[in-house]
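J.: Dropping in coords-v3.txt, which is compact mmCIF, C-alpha atoms:
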```
# COMPACT_ATOMS: atom_id res chain seq x y z
CA MET A 1 12.19 -49.28 -28.29
CA ARG A 2 15.91 -48.75 -28.41
CA VAL A 3 18.05 -46.03 -26.88
CA ILE A 4 17.83 -44.08 -30.16
CA VAL A 5 14.35 -42.95 -29.08
CA TYR A 6 16.02 -40.42 -26.73
CA LEU A 7 18.17 -38.86 -29.49
CA PRO A 8 15.79 -35.88 -30.11
CA PHE A 9 16.45 -34.71 -26.54
CA VAL A 10 20.21 -34.79 -27.18
CA VAL A 11 19.81 -32.98 -30.50
CA SER A 12 17.67 -30.31 -28.82
CA ALA A 13 20.34 -29.73 -26.18
CA LEU A 14 23.05 -29.43 -28.84
CA LEU A 15 20.91 -27.00 -30.83
CA ALA A 16 20.17 -24.89 -27.73
CA ILE A 17 23.90 -24.61 -26.95
CA ALA A 18 25.46 -24.29 -30.39
CA GLY A 19 22.56 -23.20 -32.61
CA PRO A 20 22.50 -19.48 -31.70
CA ARG A 21 26.30 -19.18 -32.06
CA LEU A 22 26.25 -20.90 -35.44
CA ALA A 23 23.32 -18.83 -36.70
CA ARG A 24 25.06 -15.55 -35.78
CA ARG A 25 27.91 -16.44 -38.12
CA MET A 26 25.54 -16.54 -41.08
CA PRO A 27 23.57 -13.79 -42.86
CA PRO A 28 20.80 -12.98 -40.37
CA ARG A 29 17.98 -13.76 -42.81
CA THR A 30 19.39 -17.24 -43.48
CA GLY A 31 20.38 -17.81 -39.87
CA THR A 32 16.90 -16.95 -38.59
CA ARG A 33 15.15 -19.27 -40.99
CA LEU A 34 17.54 -22.17 -40.54
CA LEU A 35 17.55 -21.90 -36.75
CA LEU A 36 13.74 -21.77 -36.60
CA THR A 37 13.43 -24.71 -39.00
CA ALA A 38 15.82 -26.86 -36.97
CA ALA A 39 14.17 -25.84 -33.69
CA LEU A 40 10.68 -26.55 -35.01
CA GLY A 41 11.81 -30.00 -36.14
CA CYS A 42 13.33 -30.66 -32.72
CA ALA A 43 10.16 -29.55 -30.94
CA VAL A 44 7.98 -31.80 -33.11
CA THR A 45 10.27 -34.82 -32.69
CA VAL A 46 10.52 -34.32 -28.92
CA LEU A 47 6.73 -34.19 -28.61
CA LEU A 48 6.38 -37.28 -30.80
CA THR A 49 9.02 -39.07 -28.74
CA LEU A 50 7.21 -38.22 -25.51
CA GLY A 51 4.00 -39.46 -27.11
CA LEU A 52 5.64 -42.77 -28.05
CA LEU A 53 7.06 -43.19 -24.55
CA ALA A 54 3.70 -42.41 -22.97
CA TRP A 55 1.97 -44.78 -25.38
CA THR A 56 4.03 -47.73 -24.10
CA LEU A 57 2.26 -47.27 -20.74
CA ILE A 58 -1.19 -46.43 -22.12
CA ALA A 59 -1.16 -49.41 -24.49
CA ARG A 60 -0.72 -51.80 -21.55
CA LEU A 61 -3.99 -50.74 -19.89
CA PRO A 62 -6.59 -53.53 -20.10
CA LEU A 63 -9.25 -51.29 -21.61
CA VAL A 64 -6.92 -50.03 -24.34
CA ALA A 65 -5.59 -53.50 -25.03
CA ALA A 66 -9.11 -54.90 -25.38
CA VAL A 67 -10.19 -52.23 -27.85
CA GLY A 68 -6.94 -52.48 -29.81
CA ALA A 69 -7.02 -56.30 -29.77
CA TRP A 70 -3.45 -56.76 -28.58
CA SER A 71 -1.84 -58.38 -25.55
CA GLY A 72 -1.10 -55.90 -22.78
CA ASP A 73 0.95 -58.54 -20.95
CA HIS A 74 3.19 -58.98 -24.00
CA LEU A 75 3.85 -55.23 -24.14
CA HIS A 76 4.54 -55.19 -20.40
CA HIS A 77 7.16 -57.93 -20.60
CA HIS A 78 8.81 -57.03 -23.92
CA ASP A 79 8.85 -53.24 -23.91
CA PRO A 80 12.31 -51.95 -22.86
CA VAL A 81 10.88 -48.58 -21.77
CA PRO A 82 10.78 -48.50 -17.94
CA ALA A 83 7.43 -47.70 -16.39
CA PRO A 84 8.82 -44.60 -14.55
CA ALA A 85 10.04 -43.18 -17.88
CA ALA A 86 6.65 -43.77 -19.49
CA LYS A 87 4.86 -42.15 -16.54
CA ALA A 88 7.23 -39.18 -16.65
CA ALA A 89 6.48 -38.81 -20.36
CA CYS A 90 2.74 -38.68 -19.63
CA VAL A 91 3.19 -35.98 -17.00
CA THR A 92 5.61 -34.02 -19.21
CA LEU A 93 3.22 -34.07 -22.16
CA ALA A 94 0.41 -32.70 -20.01
CA ALA A 95 2.69 -29.96 -18.61
CA LEU A 96 3.93 -28.98 -22.08
CA ALA A 97 0.37 -28.79 -23.40
CA CYS A 98 -0.50 -26.35 -20.62
CA ALA A 99 2.69 -24.32 -21.19
CA LEU A 100 2.04 -24.11 -24.93
CA ALA A 101 -1.57 -23.02 -24.40
CA PHE A 102 -0.47 -20.38 -21.89
CA ALA A 103 2.28 -19.05 -24.19
CA THR A 104 -0.13 -18.89 -27.13
CA ALA A 105 -2.76 -17.03 -25.13
CA ARG A 106 -0.20 -14.60 -23.73
CA ARG A 107 1.26 -13.85 -27.15
CA LEU A 108 -2.16 -13.36 -28.76
CA ARG A 109 -3.19 -11.07 -25.92
CA ALA A 110 -0.03 -8.98 -26.34
CA LEU A 111 -0.51 -8.68 -30.11
CA HIS A 112 -4.15 -7.74 -29.64
CA HIS A 113 -3.17 -5.05 -27.15
CA VAL A 114 -0.54 -3.40 -29.36
CA ARG A 115 -2.81 -3.54 -32.41
CA ARG A 116 -5.57 -1.86 -30.46
CA GLU A 117 -3.16 0.84 -29.37
CA ALA A 118 -1.97 1.20 -32.97
CA ARG A 119 -5.51 1.94 -34.13
CA ARG A 120 -5.68 4.77 -31.61
CA LEU A 121 -2.56 6.35 -33.04
CA GLY A 122 -4.13 7.02 -36.42
CA ASP A 123 -4.14 5.67 -39.97
CA GLY A 124 -0.73 6.82 -41.17
CA HIS A 125 2.20 4.46 -41.67
CA LEU A 126 4.45 6.79 -39.67
CA VAL A 127 3.22 8.20 -36.38
CA VAL A 128 5.22 10.92 -34.61
CA MET A 129 4.49 11.31 -30.91
CA ASP A 130 5.10 14.71 -29.38
CA GLU A 131 7.11 13.26 -26.50
CA PRO A 132 10.56 14.20 -25.18
CA GLY A 133 11.32 10.56 -24.42
CA ILE A 134 13.52 8.43 -26.71
CA GLU A 135 11.10 6.04 -28.41
CA ALA A 136 11.09 4.27 -31.77
CA PHE A 137 9.30 1.01 -32.51
CA ALA A 138 7.15 -0.78 -35.07
CA VAL A 139 3.69 -2.13 -34.30
CA PRO A 140 2.48 -4.98 -36.57
CA THR A 141 -1.11 -4.74 -37.80
CA ARG A 142 -3.33 -6.63 -40.21
CA ASP A 143 -4.07 -3.77 -42.58
CA GLU A 144 -2.55 -3.15 -46.00
CA GLN A 145 0.29 -1.08 -44.54
CA GLY A 146 1.42 -4.00 -42.39
CA GLY A 147 1.85 -1.87 -39.29
CA ARG A 148 2.75 1.50 -37.81
CA ILE A 149 6.16 3.01 -37.20
CA VAL A 150 6.02 5.06 -34.01
CA VAL A 151 8.75 7.60 -33.31
CA SER A 152 8.93 10.24 -30.62
CA THR A 153 10.06 13.80 -31.25
CA GLY A 154 12.78 13.18 -28.68
CA MET A 155 14.23 10.41 -30.85
CA LEU A 156 13.99 12.53 -34.00
CA ARG A 157 15.88 15.36 -32.33
CA THR A 158 18.60 12.94 -31.25
CA LEU A 159 19.36 11.72 -34.79
CA THR A 160 20.55 13.52 -37.90
CA ASP A 161 18.56 13.39 -41.15
CA ASP A 162 20.65 10.50 -42.51
CA GLU A 163 20.38 8.62 -39.23
CA ARG A 164 16.60 9.02 -39.31
CA ARG A 165 16.62 7.28 -42.68
CA VAL A 166 18.41 4.37 -41.03
CA LEU A 167 15.84 4.23 -38.26
CA LEU A 168 12.90 4.24 -40.66
CA ALA A 169 14.53 1.62 -42.91
CA HIS A 170 15.17 -0.57 -39.87
CA GLU A 171 11.57 -0.43 -38.64
CA THR A 172 10.22 -0.86 -42.18
CA ALA A 173 12.26 -4.04 -42.50
CA HIS A 174 10.70 -5.37 -39.30
CA LEU A 175 7.22 -4.83 -40.71
CA SER A 176 7.86 -5.98 -44.26
CA HIS A 177 9.51 -9.23 -43.15
CA ARG A 178 6.92 -9.82 -40.40
CA HIS A 179 9.58 -10.35 -37.77
CA HIS A 180 6.95 -10.54 -35.02
CA ARG A 181 5.88 -13.88 -36.54
CA HIS A 182 9.42 -15.24 -36.30
CA ARG A 183 9.59 -14.19 -32.65
CA THR A 184 6.16 -15.61 -31.89
CA LEU A 185 7.14 -18.94 -33.45
CA ALA A 186 10.34 -19.00 -31.38
CA THR A 187 8.35 -18.37 -28.20
CA LEU A 188 5.90 -21.18 -28.95
CA ILE A 189 8.68 -23.61 -29.89
CA ALA A 190 10.45 -22.92 -26.59
CA ALA A 191 7.17 -23.50 -24.74
CA ALA A 192 6.69 -26.84 -26.50
CA ASN A 193 10.32 -27.85 -25.99
CA PRO A 194 11.84 -26.12 -22.92
CA ILE A 195 15.26 -27.54 -23.80
CA LEU A 196 15.37 -24.82 -26.48
CA VAL A 197 15.22 -22.09 -23.84
CA THR A 198 17.85 -20.03 -25.68
CA LEU A 199 15.82 -19.85 -28.91
CA PRO A 200 13.62 -16.75 -28.29
CA ALA A 201 16.58 -14.52 -27.39
CA ALA A 202 18.59 -15.83 -30.34
CA VAL A 203 15.77 -15.18 -32.82
CA HIS A 204 15.17 -11.74 -31.28
CA HIS A 205 18.82 -10.84 -31.88
CA LEU A 206 18.85 -12.30 -35.40
CA THR A 207 15.76 -10.39 -36.48
CA GLU A 208 17.31 -7.17 -35.17
CA ARG A 209 20.45 -7.96 -37.16
CA TRP A 210 18.27 -8.73 -40.18
CA ALA A 211 16.65 -5.29 -39.93
CA ASP A 212 20.09 -3.69 -39.40
CA GLU A 213 21.40 -5.26 -42.60
CA ASP A 214 18.34 -4.10 -44.54
CA ALA A 215 18.81 -0.57 -43.22
CA ALA A 216 22.51 -0.60 -44.16
CA ALA A 217 21.64 -1.84 -47.66
CA THR A 218 18.93 0.82 -48.06
CA THR A 219 21.26 3.68 -47.10
CA ASP A 220 24.28 2.00 -48.72
CA ASP A 221 26.38 2.99 -45.72
CA ARG A 222 27.18 0.44 -43.00
CA ARG A 223 29.06 2.96 -40.83
CA LEU A 224 26.08 5.32 -40.94
CA ALA A 225 23.78 2.50 -39.82
CA ALA A 226 26.16 1.61 -36.98
CA ARG A 227 26.39 5.25 -35.87
CA ALA A 228 22.59 5.70 -35.89
CA LEU A 229 22.12 2.53 -33.85
CA ALA A 230 24.78 3.49 -31.31
CA ARG A 231 23.46 7.04 -30.94
CA ALA A 232 19.87 5.87 -30.45
CA ALA A 233 20.90 3.20 -27.94
CA LEU A 234 23.00 5.63 -25.91
CA ALA A 235 20.20 8.21 -25.81
CA ALA A 236 17.66 5.55 -24.81
CA HIS A 237 19.96 4.32 -22.05
CA GLU A 238 20.28 7.81 -20.61
CA ASP A 239 16.54 8.51 -20.86
CA LYS A 240 15.10 7.83 -17.39
CA ARG A 241 11.53 8.39 -18.62
CA ARG A 242 11.70 5.55 -21.10
CA THR A 243 9.53 2.47 -20.49
CA SER A 244 9.40 -0.76 -22.46
CA PRO A 245 6.41 -0.85 -24.85
CA GLY A 246 6.12 -4.62 -24.53
CA ASP A 247 7.55 -7.71 -26.19
CA ALA A 248 5.04 -7.67 -29.08
CA VAL A 249 6.54 -4.54 -30.70
CA LEU A 250 9.81 -4.26 -32.59
CA CYS A 251 12.11 -1.65 -31.07
CA PHE A 252 15.12 0.20 -32.44
CA GLY A 253 18.25 0.47 -30.33
CA GLU A 254 17.66 -2.55 -28.09
CA ALA A 255 18.84 -6.17 -27.84
CA GLY A 256 22.60 -6.64 -28.06
CA VAL A 257 23.49 -3.23 -29.46
CA GLY A 258 27.24 -3.77 -29.00
CA ASP A 259 27.28 -6.95 -31.10
CA ARG A 260 25.04 -5.35 -33.71
CA VAL A 261 27.26 -2.28 -34.06
CA ARG A 262 30.36 -4.46 -34.42
CA ALA A 263 28.60 -6.53 -37.09
CA LEU A 264 27.65 -3.41 -39.03
CA LEU A 265 31.23 -2.11 -38.89
CA ALA A 266 32.45 -5.41 -40.31
CA ASP A 267 31.90 -6.71 -43.82
CA THR A 268 28.56 -8.02 -45.04
CA PRO A 269 28.02 -11.56 -43.61
CA ARG A 270 28.92 -14.35 -46.03
CA ARG A 271 26.99 -17.51 -46.69
CA ARG A 272 28.34 -20.51 -44.79
CA PRO A 273 27.12 -23.78 -46.35
CA ALA A 274 28.95 -25.86 -43.73
CA ILE A 275 26.92 -24.33 -40.89
CA ALA A 276 23.68 -24.76 -42.80
CA ALA A 277 24.57 -28.39 -43.47
CA LEU A 278 25.33 -28.96 -39.77
CA LEU A 279 21.98 -27.52 -38.63
CA LEU A 280 20.13 -29.59 -41.23
CA ALA A 281 22.10 -32.69 -40.17
CA LEU A 282 20.96 -32.21 -36.56
CA LEU A 283 17.38 -31.90 -37.74
CA THR A 284 17.70 -35.01 -39.92
CA ALA A 285 19.12 -37.02 -37.03
CA ALA A 286 16.16 -36.09 -34.82
CA LEU A 287 13.64 -36.94 -37.55
CA LEU A 288 15.26 -40.29 -38.36
CA SER A 289 15.44 -41.31 -34.71
CA THR A 290 11.76 -40.52 -34.21
CA ALA A 291 10.83 -42.43 -37.36
CA GLU A 292 12.87 -45.42 -36.16
CA ALA A 293 11.20 -45.27 -32.73
CA GLY A 294 7.78 -45.15 -34.39
CA HIS A 295 8.72 -48.18 -36.49
CA ASP A 296 9.81 -50.09 -33.37
CA SER A 297 6.54 -49.18 -31.65
CA ALA A 298 4.52 -50.44 -34.63
CA GLN A 299 6.46 -53.71 -34.62
CA GLN A 300 5.78 -54.22 -30.93
CA LEU A 301 2.07 -53.70 -31.45
CA ASP A 302 2.09 -56.22 -34.32
CA GLN A 303 3.77 -58.78 -32.07
CA ALA A 304 1.29 -58.02 -29.28
CA ARG A 305 -1.61 -58.58 -31.69
CA ASP A 306 -0.14 -61.96 -32.63
CA GLN A 307 -0.14 -62.90 -28.93
CA TYR A 308 -3.66 -61.72 -28.37
CA HIS A 309 -6.12 -64.57 -27.73
CA ALA A 310 -9.36 -63.66 -29.42
CA ARG A 311 -12.45 -64.17 -27.29
CA PRO A 312 -15.80 -65.35 -28.68
CA ILE A 313 -17.35 -62.07 -27.49
CA GLY A 314 -17.64 -58.66 -29.09
CA VAL A 315 -15.49 -55.68 -28.37
CA SER A 316 -18.04 -54.10 -26.06
CA ALA A 317 -18.29 -57.24 -23.96
CA ALA A 318 -14.53 -57.64 -23.93
CA THR A 319 -14.16 -54.06 -22.79
CA LEU A 320 -16.65 -54.64 -19.96
CA HIS A 321 -14.72 -57.75 -18.95
CA GLU A 322 -11.43 -55.84 -18.91
CA ALA A 323 -13.03 -52.98 -16.96
CA ARG A 324 -14.14 -55.39 -14.26
CA HIS A 325 -10.67 -56.92 -14.18
CA LEU A 326 -9.09 -53.48 -13.85
CA ALA A 327 -11.43 -52.57 -11.00
CA ALA A 328 -10.50 -55.78 -9.22
CA VAL A 329 -6.78 -55.06 -9.60
CA VAL A 330 -7.20 -51.52 -8.25
CA GLU A 331 -9.23 -52.77 -5.30
CA HIS A 332 -6.58 -55.39 -4.55
CA HIS A 333 -3.81 -52.75 -4.50
CA LEU A 334 -5.85 -50.43 -2.30
CA HIS A 335 -6.35 -53.17 0.30
CA HIS A 336 -2.69 -54.11 0.31
```
Please rewrite the model in this file as structure tokens.

T.:
Amino acid sequence: MRVIVYLPFVVSALLAIAGPRLARRMPPRTGTRLLLTAALGCAVTVLLTLGLLAWTLIARLPLVAAVGAWSGDHLHHHDPVPAPAAKAACVTLAALACALAFATARRLRALHHVRREARRLGDGHLVVMDEPGIEAFAVPTRDEQGGRIVVSTGMLRTLTDDERRVLLAHETAHLSHRHHRHRTLATLIAAANPILVTLPAAVHHLTERWADEDAAATTDDRRLAARALARAALAAHEDKRRTSPGDAVLCFGEAGVGDRVRALLADTPRRRPAIAALLLALLTAALLSTAEAGHDSAQQLDQARDQYHARPIGVSAATLHEARHLAAVVEHHLHH
């Protein structure tokens, strides 16, 4: 394999640094989707690259070489991937598998918890809690309504009638666009590719901006939407009784309120084809490098098969022979 095999790691780093900034300059709906698409492609290519690097070590094992009918010695002498890099890839793949499983379980548990709490609140789409605290959030569910909008009486007293319309439009946008799925995907991508550590926060901010823009369009008043957001955020900040309902719900008046208010006071975001093309170019580079690495790996295996000296014994016997050889090599290393 050539040095190009490591390109997905470079692309992931570039996307983690520049991706969120580029996405914020686009309409939030487009920015969210493009950023997630590019990040998902980077995560897949990084995992495939690690698999290819690990395979260069696994393919050299006598047992694997015997079953695959290729020369392990040829791969050992002609593969440019250093053994430490291949071993590190094996360990990294195992660690990422555990991290992804843990992140999936944690997210599913959080969603299950909030949905169970939503069922206790009642069957209505809008639930008003008789609480003085400043609370407003959306809880995604699997029913026809798509979720519950939960608002406290303290929040309703804080806002005017028009500002309440903004709040309800904002939370409705979260539910109708299933923003919890975008955030879940971002969390899982970051678990599978830790280089993209900035992705979950970026997607969280973009989905909030997406809901802000929907609320501004619904009320046809961007300044009203900005005022409602600022008033709710200020009241929530001053409310000492307020506690976070968890990362599986979609809250109003949180996550980068200052930037969101400034965006609402500005003009509607314009489409930026150049940024979209740049994000897609990064994704294409990662995909092409992985495809080229896979092609190189296939060529090496073909050459190793050509060097393989067929034995007049079956695969099972050859495997037994290689197993005995491997045991002898291990015993030799243990004694020395």

J.: Quick one: everything within 8 Å of range 213-227 of chain A, counting only C-alpha atoms, minus sequence neighbours fewer than 2 positions away in the same chain. Send it as an MDAnalysis selection string.

T.: chainID A and resid 162:163 165:167 169:170 173 209:211 229:231 260:262 264:265

J.: Please determine an axis-aligned box that encloses all atoms of range 11-19 of chain A listed in the file, with 3 Å added on each side, and express its centre and edge lengths in Å to one decimal as JSON.

T.:
```
{"center_x": 21.6, "center_y": -28.1, "center_z": -29.4, "size_x": 13.8, "size_y": 15.8, "size_z": 12.4}
```

J.: So which residues touch range 275-283 of chain A within 12 Å, counting all atoms listed in the file, skipping near sequence neighbours fewer than 3 positions away, as an NGL selection string?

T.: :A and (7-16 or 18-27 or 30-46 or 270-272 or 286-290)

J.: Between A:Gly51, A:Gly146, A:Gly133, A:Pro269, which residue has the minimum interatomic distance to Val91 in chain A, considering only C-alpha atoms?

T.: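 Nearest candidate to Val91 in chain A out of A:Gly51, A:Gly146, A:Gly133, A:Pro269: A:Gly51.
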
J.: Which residue is closest to Ile189 in chain A? Choose from A:Leu156, A:Phe252, A:Ala274, A:Leu96 and count only C-alpha atoms.

T.: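 With only C-alpha atoms as the atom set, the closest residue is A:Leu96.
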
J.: Counting only C-alpha atoms, which residues sit no farther than 9 Å from the position (4.5, -19.3, -28.9) in the file's frame? I'd like them as JSON, numbers by chain.

T.: {"A": [100, 101, 102, 103, 104, 105, 106, 107, 108, 183, 184, 185, 186, 187, 188, 189, 190, 191, 192]}

J.: Within 12 Å of (10.6, -8.6, -37.5) (file coordinates; only C-alpha atoms), which protein or nucleic acid residues are there? I'd like them as a ChimeraX atom specification.

T.: /A:28-29,32,137-140,146-147,170-185,203-212,214,247-252

J.: Just give me the gap between CA of Arg157 in chain A and CA of Thr141 in chain A in Å, one decimal is fine.

T.: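 Result for CA of Arg157 in chain A versus CA of Thr141 in chain A: 26.9 Å, one decimal.
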
J.: Nearest to Ala95 in chain A: which of A:Ala232, A:Leu47, A:Leu63, A:Val257 is it, counting only C-alpha atoms?

T.: A:Leu47

J.: So the first atom is CA of Gln303 in chain A and the second is CA of Ala86 in chain A; what is the distance between them in Å, to one decimal place?

T.: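 Between CA of Gln303 in chain A and CA of Ala86 in chain A the gap is 19.8 Å.
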
J.: Could you tell me how far CA of Ile58 in chain A lies from CA of Tyr6 in chain A, in Å and to one decimal?

T.: 18.8 Å
